[in-house]
Amino acid sequence: MSAMYFTLTAKGGNTFHQSGESLRFSDRIVNIGETPDCDIRYEGGEVQSEYYASILRNDDGESWRIVKRSSNVQIHLEGRGDIGYAHQLKDGDIIQFDAQPMSLTFRTHKEKSGNARRMLWQIGIAGLIIAATVFGLTLIDRNEKKIAPEEVEPLEESIYMVKVDSVQWVKVVNGLEEFLSTKVPTDAPIGTAFHTTDGRIVTARHCVEYWIGESLDLTTNVDDLDKDDIVYWAIETETYNQTYSPDSSMCMRVYFTLYDFMGNKTGYSFVSTNERVHMNTEKDGVYLLADFSNNYYWRSIRSYFMDRQMELGDILWIDSIPEIGKVQIASEKDVEQIQNGTALVICGYPMTDKGSKSIMFTEGTLRRSASEETTMLSFEGNINHGFSGGPVLMKSNDGIVAIGVVSRVDSVSSGLYKSAVPTVEIGRNTNMR
């Protein structure tokens, strides 16, 4: 049996690619990105500011199509004209981007089974090397400041369960609101929030605006979506806001409530558009949802759509809480102590097999440090759905401090690493929507 793959060969060259350079791809989706210098680049390792286009494998497994991702760049197939929003690719097509010196030649190939077996062996060996490396990391660089259970138990009364009560879809024209629809969702995730010693409540943004974490197929046909679906509302909202005048806009207003560790409703209920509720949308990914006839926009924090830094937008905090919580936010001095191997405790409300929720404290280990202000924390730990929004705790000279807010599991590493937004993000660029 033979497997299909394709190559992209550079023609003309630029800062990152020499003319004649060829790269092989067999992924379902291959993204072509833009650096700050506006050079064409294939996705891989380097931070990219925007995607120009994606090449996607068709359902037949043997052909591909190119889909436009940016409204700012025109894409052409030499001899075949502008692709519009999407176009089927043919062997030998030359992909050109407006105002770029480099073009890409698309070629399809068929791999023989012997080569496929050899590749599997190579992948297997590489996997063993990675596993050995990860195992080795667990034996070195470990910070021995472990946290005892009795040190975190007093914090449980300041760690809450977050539940979305309803979502309103609203249009605002010249200051007047028109309610388009209201929904009491049954599919909203239940997450975690925590109350800090400086009078804030903190959680992950996707626990409230839960659609921004959806794993949406970039080729979704919007016309086929249920018009009562939250994702449909989100697409229509972003499209409206991207294309209409400043005096007219749409928003999705979320009402949510916090519950204590006994499962009782607290006195904390909020609405996402309240002036006390802050979030940072500066690092969101806003990209084109393209099909063959329509132009839609979608806003997301899922890192594989853009670069990893988008996850820094996955944080929400609420100011001016009259009561004081018990979770202390890490200071700059604490952050300087963070290193690979630092012992952690992660707190959250995981969903049990029986569907009930109760607070849990689980041990973890930091695996990549937050040496830069805009770097996600990556850690190991036995967590699952429900921990999102919970505090990632470490032991410092001043006691137990929260260095991060649980964001997501890194699907690329099969769940080995989990991501947390550093708590230094709290207070930056407030109320950016």
# chains A, B, ... in the order shown; residues from 1 in each chain; ligands from 1
>>> residues_around(residues="A:Pro422", least_positions_apart="6", cutoff="10 Å", atoms="only C-alpha atoms", output="PDB file with C-alpha atoms, in the first residue's frame")
ATOM      1  CA  LEU A 312      -1.629  34.112  27.154  1.00  0.00           C
ATOM      2  CA  ILE A 315      -6.978  34.412  31.527  1.00  0.00           C
ATOM      3  CA  ALA A 330       3.640  35.170  43.080  1.00  0.00           C
ATOM      4  CA  VAL A 335       9.070  34.307  39.566  1.00  0.00           C
ATOM      5  CA  ALA A 370       8.771  31.391  32.476  1.00  0.00           C
ATOM      6  CA  GLU A 373       7.166  37.643  30.551  1.00  0.00           C
ATOM      7  CA  THR A 374       5.300  36.326  27.510  1.00  0.00           C
ATOM      8  CA  THR A 375       6.115  32.615  27.941  1.00  0.00           C
ATOM      9  CA  MET A 376       3.562  29.982  28.895  1.00  0.00           C
ATOM     10  CA  LEU A 377       4.353  27.777  31.868  1.00  0.00           C
ATOM     11  CA  SER A 378       4.555  24.110  30.944  1.00  0.00           C
ATOM     12  CA  PRO A 391      -4.064  27.864  40.443  1.00  0.00           C
ATOM     13  CA  VAL A 392      -0.625  26.344  39.856  1.00  0.00           C
ATOM     14  CA  ALA A 402       0.228  30.947  42.621  1.00  0.00           C
ATOM     15  CA  ILE A 403       2.571  31.208  39.632  1.00  0.00           C
ATOM     16  CA  GLY A 404       0.058  30.224  36.951  1.00  0.00           C
ATOM     17  CA  VAL A 405      -3.541  29.604  35.854  1.00  0.00           C
ATOM     18  CA  VAL A 406      -4.260  26.215  34.242  1.00  0.00           C
ATOM     19  CA  SER A 407      -4.985  26.703  30.542  1.00  0.00           C
TER      20      SER A 407
END
>>> residues_around(residues="A:Lys163", least_positions_apart="4", cutoff="8 Å", atoms="only C-alpha atoms", output="ChimeraX atom specification")
/A:188-191,207-208,256-259
>>> residues_around(residues="A:Asp260", least_positions_apart="4", cutoff="12 Å", atoms="only C-alpha atoms", output="MDAnalysis selection string")
chainID A and resid 155:163 192:195 264:268 348:349 357:359
>>> write_last_selection(atoms="C-alpha atoms", output="PDB file, in the first residue's frame")
ATOM      1  CA  LEU A 155      -6.666  27.419  50.546  1.00  0.00           C
ATOM      2  CA  GLU A 156      -9.622  25.246  49.528  1.00  0.00           C
ATOM      3  CA  GLU A 157     -12.192  27.736  50.787  1.00  0.00           C
ATOM      4  CA  SER A 158     -10.755  30.267  48.275  1.00  0.00           C
ATOM      5  CA  ILE A 159     -10.895  27.886  45.301  1.00  0.00           C
ATOM      6  CA  TYR A 160     -14.241  27.726  43.512  1.00  0.00           C
ATOM      7  CA  MET A 161     -16.016  25.844  40.766  1.00  0.00           C
ATOM      8  CA  VAL A 162     -17.075  28.004  37.786  1.00  0.00           C
ATOM      9  CA  LYS A 163     -20.357  27.323  35.993  1.00  0.00           C
ATOM     10  CA  THR A 192     -12.082  26.389  38.460  1.00  0.00           C
ATOM     11  CA  ALA A 193     -11.454  29.900  39.846  1.00  0.00           C
ATOM     12  CA  PHE A 194      -9.494  31.166  42.842  1.00  0.00           C
ATOM     13  CA  HIS A 195      -9.767  34.138  45.202  1.00  0.00           C
ATOM     14  CA  ASN A 264     -22.920  25.316  47.464  1.00  0.00           C
ATOM     15  CA  LYS A 265     -23.634  28.431  45.431  1.00  0.00           C
ATOM     16  CA  THR A 266     -21.594  31.387  46.670  1.00  0.00           C
ATOM     17  CA  GLY A 267     -22.572  35.027  46.548  1.00  0.00           C
ATOM     18  CA  TYR A 268     -20.333  35.487  43.510  1.00  0.00           C
ATOM     19  CA  GLY A 348      -9.106  22.163  40.501  1.00  0.00           C
ATOM     20  CA  TYR A 349     -12.513  20.538  40.224  1.00  0.00           C
ATOM     21  CA  LYS A 357     -17.331  17.476  41.140  1.00  0.00           C
ATOM     22  CA  SER A 358     -15.082  17.924  44.146  1.00  0.00           C
ATOM     23  CA  ILE A 359     -11.904  19.881  44.758  1.00  0.00           C
TER      24      ILE A 359
END
>>> atom_distance(atom1="atom CA of A:Thr365", atom2="atom CA of A:Glu214")
27.2 Å
>>> residues_around(residues="A:Val173", least_positions_apart="6", cutoff="7 Å", atoms="only C-alpha atoms", output="PyMOL selection string")
chain A and resi 247-249
>>> select_by_dssp(residues="stretch 185-403 of chain A", states="alpha helix (DSSP H)", output="MDAnalysis selection string")
chainID A and resid 230:243 332:336
>>> closest_residue(among="A:Ser26, A:Thr362, A:Thr203, A:Gln242", to="A:Leu288", atoms="only C-alpha atoms")
A:Gln242
>>> residues_around(residues="A:Glu363", least_positions_apart="5", cutoff="10 Å", atoms="only C-alpha atoms", output="count of residues only")
15
>>> closest_residue(among="A:Arg41, A:Arg69, A:Arg57, A:Arg408", to="A:Thr15", atoms="only C-alpha atoms")
A:Arg41
>>> atom_distance(atom1="atom CA of A:Leu316", atom2="atom CA of A:Tyr51")
26.3 Å
>>> residues_around(residues="A:Lys171", least_positions_apart="5", cutoff="10 Å", atoms="only C-alpha atoms", output="PyMOL selection string")
chain A and resi 176-181+237+240+248-252
>>> write_last_selection(atoms="all heavy atoms", output="mmCIF file, in the first residue's frame")
data_model
loop_
_atom_site.group_PDB
_atom_site.id
_atom_site.type_symbol
_atom_site.label_atom_id
_atom_site.label_comp_id
_atom_site.auth_asym_id
_atom_site.auth_seq_id
_atom_site.Cartn_x
_atom_site.Cartn_y
_atom_site.Cartn_z
ATOM 1 N N LEU A 176 -27.849 51.543 21.468
ATOM 2 C CA LEU A 176 -29.088 50.832 21.794
ATOM 3 C C LEU A 176 -28.889 49.335 21.590
ATOM 4 O O LEU A 176 -28.369 48.903 20.560
ATOM 5 C CB LEU A 176 -30.241 51.342 20.925
ATOM 6 C CG LEU A 176 -30.592 52.830 21.091
ATOM 7 C CD1 LEU A 176 -31.700 53.209 20.118
ATOM 8 C CD2 LEU A 176 -31.011 53.124 22.527
ATOM 9 N N GLU A 177 -29.320 48.524 22.572
ATOM 10 C CA GLU A 177 -29.116 47.079 22.517
ATOM 11 C C GLU A 177 -30.322 46.363 21.920
ATOM 12 O O GLU A 177 -31.467 46.691 22.221
ATOM 13 C CB GLU A 177 -28.836 46.521 23.913
ATOM 14 C CG GLU A 177 -27.512 46.986 24.500
ATOM 15 C CD GLU A 177 -27.183 46.268 25.782
ATOM 16 O OE1 GLU A 177 -28.073 45.548 26.303
ATOM 17 O OE2 GLU A 177 -26.038 46.394 26.264
ATOM 18 N N GLU A 178 -30.019 45.401 21.099
ATOM 19 C CA GLU A 178 -31.044 44.509 20.541
ATOM 20 C C GLU A 178 -30.651 43.082 20.909
ATOM 21 O O GLU A 178 -29.594 42.601 20.525
ATOM 22 C CB GLU A 178 -31.112 44.645 19.019
ATOM 23 C CG GLU A 178 -32.060 43.667 18.366
ATOM 24 C CD GLU A 178 -31.955 43.671 16.850
ATOM 25 O OE1 GLU A 178 -31.302 44.578 16.294
ATOM 26 O OE2 GLU A 178 -32.532 42.753 16.213
ATOM 27 N N PHE A 179 -31.509 42.399 21.694
ATOM 28 C CA PHE A 179 -31.193 41.040 22.122
ATOM 29 C C PHE A 179 -31.560 40.060 21.008
ATOM 30 O O PHE A 179 -32.730 39.907 20.653
ATOM 31 C CB PHE A 179 -31.941 40.708 23.417
ATOM 32 C CG PHE A 179 -31.446 41.496 24.598
ATOM 33 C CD1 PHE A 179 -32.032 42.713 24.925
ATOM 34 C CD2 PHE A 179 -30.387 41.043 25.351
ATOM 35 C CE1 PHE A 179 -31.574 43.457 25.994
ATOM 36 C CE2 PHE A 179 -29.922 41.790 26.434
ATOM 37 C CZ PHE A 179 -30.516 42.992 26.754
ATOM 38 N N LEU A 180 -30.542 39.402 20.469
ATOM 39 C CA LEU A 180 -30.761 38.488 19.348
ATOM 40 C C LEU A 180 -31.226 37.124 19.820
ATOM 41 O O LEU A 180 -32.084 36.504 19.205
ATOM 42 C CB LEU A 180 -29.470 38.363 18.538
ATOM 43 C CG LEU A 180 -28.898 39.679 17.983
ATOM 44 C CD1 LEU A 180 -27.568 39.427 17.297
ATOM 45 C CD2 LEU A 180 -29.885 40.320 17.013
ATOM 46 N N SER A 181 -30.622 36.648 20.925
ATOM 47 C CA SER A 181 -30.999 35.329 21.432
ATOM 48 C C SER A 181 -30.384 35.118 22.811
ATOM 49 O O SER A 181 -29.429 35.803 23.189
ATOM 50 C CB SER A 181 -30.523 34.224 20.480
ATOM 51 O OG SER A 181 -31.104 32.992 20.827
ATOM 52 N N THR A 237 -20.714 36.936 15.245
ATOM 53 C CA THR A 237 -20.305 38.109 16.028
ATOM 54 C C THR A 237 -18.968 38.645 15.530
ATOM 55 O O THR A 237 -18.819 39.852 15.291
ATOM 56 C CB THR A 237 -20.207 37.742 17.520
ATOM 57 O OG1 THR A 237 -21.499 37.381 17.990
ATOM 58 C CG2 THR A 237 -19.675 38.908 18.333
ATOM 59 N N TYR A 240 -19.297 40.155 12.011
ATOM 60 C CA TYR A 240 -19.966 41.455 12.078
ATOM 61 C C TYR A 240 -19.006 42.532 12.567
ATOM 62 O O TYR A 240 -18.913 43.623 11.996
ATOM 63 C CB TYR A 240 -21.176 41.354 13.013
ATOM 64 C CG TYR A 240 -22.104 42.548 12.971
ATOM 65 C CD1 TYR A 240 -23.193 42.580 12.116
ATOM 66 C CD2 TYR A 240 -21.891 43.636 13.805
ATOM 67 C CE1 TYR A 240 -24.053 43.675 12.076
ATOM 68 C CE2 TYR A 240 -22.731 44.737 13.778
ATOM 69 C CZ TYR A 240 -23.825 44.754 12.909
ATOM 70 O OH TYR A 240 -24.659 45.841 12.876
ATOM 71 N N SER A 248 -21.579 50.304 15.433
ATOM 72 C CA SER A 248 -22.427 49.118 15.407
ATOM 73 C C SER A 248 -21.569 47.894 15.715
ATOM 74 O O SER A 248 -20.522 47.702 15.110
ATOM 75 C CB SER A 248 -23.082 48.971 14.026
ATOM 76 O OG SER A 248 -23.895 47.834 13.969
ATOM 77 N N SER A 249 -22.013 47.074 16.672
ATOM 78 C CA SER A 249 -21.207 45.916 17.059
ATOM 79 C C SER A 249 -22.098 44.819 17.625
ATOM 80 O O SER A 249 -23.277 45.040 17.909
ATOM 81 C CB SER A 249 -20.157 46.313 18.104
ATOM 82 O OG SER A 249 -20.791 46.756 19.296
ATOM 83 N N MET A 250 -21.511 43.634 17.775
ATOM 84 C CA MET A 250 -22.188 42.521 18.432
ATOM 85 C C MET A 250 -21.335 42.067 19.607
ATOM 86 O O MET A 250 -20.120 42.257 19.618
ATOM 87 C CB MET A 250 -22.377 41.341 17.472
ATOM 88 C CG MET A 250 -23.493 41.479 16.478
ATOM 89 S SD MET A 250 -23.690 39.937 15.542
ATOM 90 C CE MET A 250 -25.001 40.429 14.411
ATOM 91 N N CYS A 251 -21.968 41.437 20.590
ATOM 92 C CA CYS A 251 -21.215 40.835 21.684
ATOM 93 C C CYS A 251 -21.975 39.626 22.208
ATOM 94 O O CYS A 251 -23.178 39.478 21.971
ATOM 95 C CB CYS A 251 -20.949 41.837 22.803
ATOM 96 S SG CYS A 251 -22.384 42.243 23.819
ATOM 97 N N MET A 252 -21.239 38.768 22.899
ATOM 98 C CA MET A 252 -21.826 37.619 23.574
ATOM 99 C C MET A 252 -21.593 37.819 25.065
ATOM 100 O O MET A 252 -20.457 37.857 25.524
ATOM 101 C CB MET A 252 -21.218 36.327 23.051
ATOM 102 C CG MET A 252 -21.574 36.107 21.586
ATOM 103 S SD MET A 252 -20.687 34.734 20.837
ATOM 104 C CE MET A 252 -21.433 33.349 21.697
#
>>> atom_distance(atom1="atom CA of A:Asp228", atom2="atom CA of A:Trp169")
10.4 Å
>>> residues_around(residues="stretch 29-32 of chain A", least_positions_apart="6", cutoff="8 Å", atoms="only C-alpha atoms", output="number ranges by chain")
A: 40-43, 51-57
>>> closest_residue(among="A:Ser300, A:Ser396, A:Asn274, A:Gln88", to="A:Phe106", atoms="only C-alpha atoms")
A:Gln88
>>> closest_residue(among="A:Gly84, A:Gly285, A:Pro101, A:Gly390", to="A:Ile212", atoms="only C-alpha atoms")
A:Gly285
>>> select_by_dssp(residues="stretch 142-364 of chain A", states="strand (DSSP E)", output="PyMOL selection string")
chain A and resi 159-173+176-183+191-195+201-203+248-259+265-271+277-279+285-290+295-300+316-318+328-329+343-348+360-364
>>> closest_residue(among="A:Asp91, A:Ile318, A:Thr7, A:Val286", to="A:Asn241", atoms="only C-alpha atoms")
A:Val286
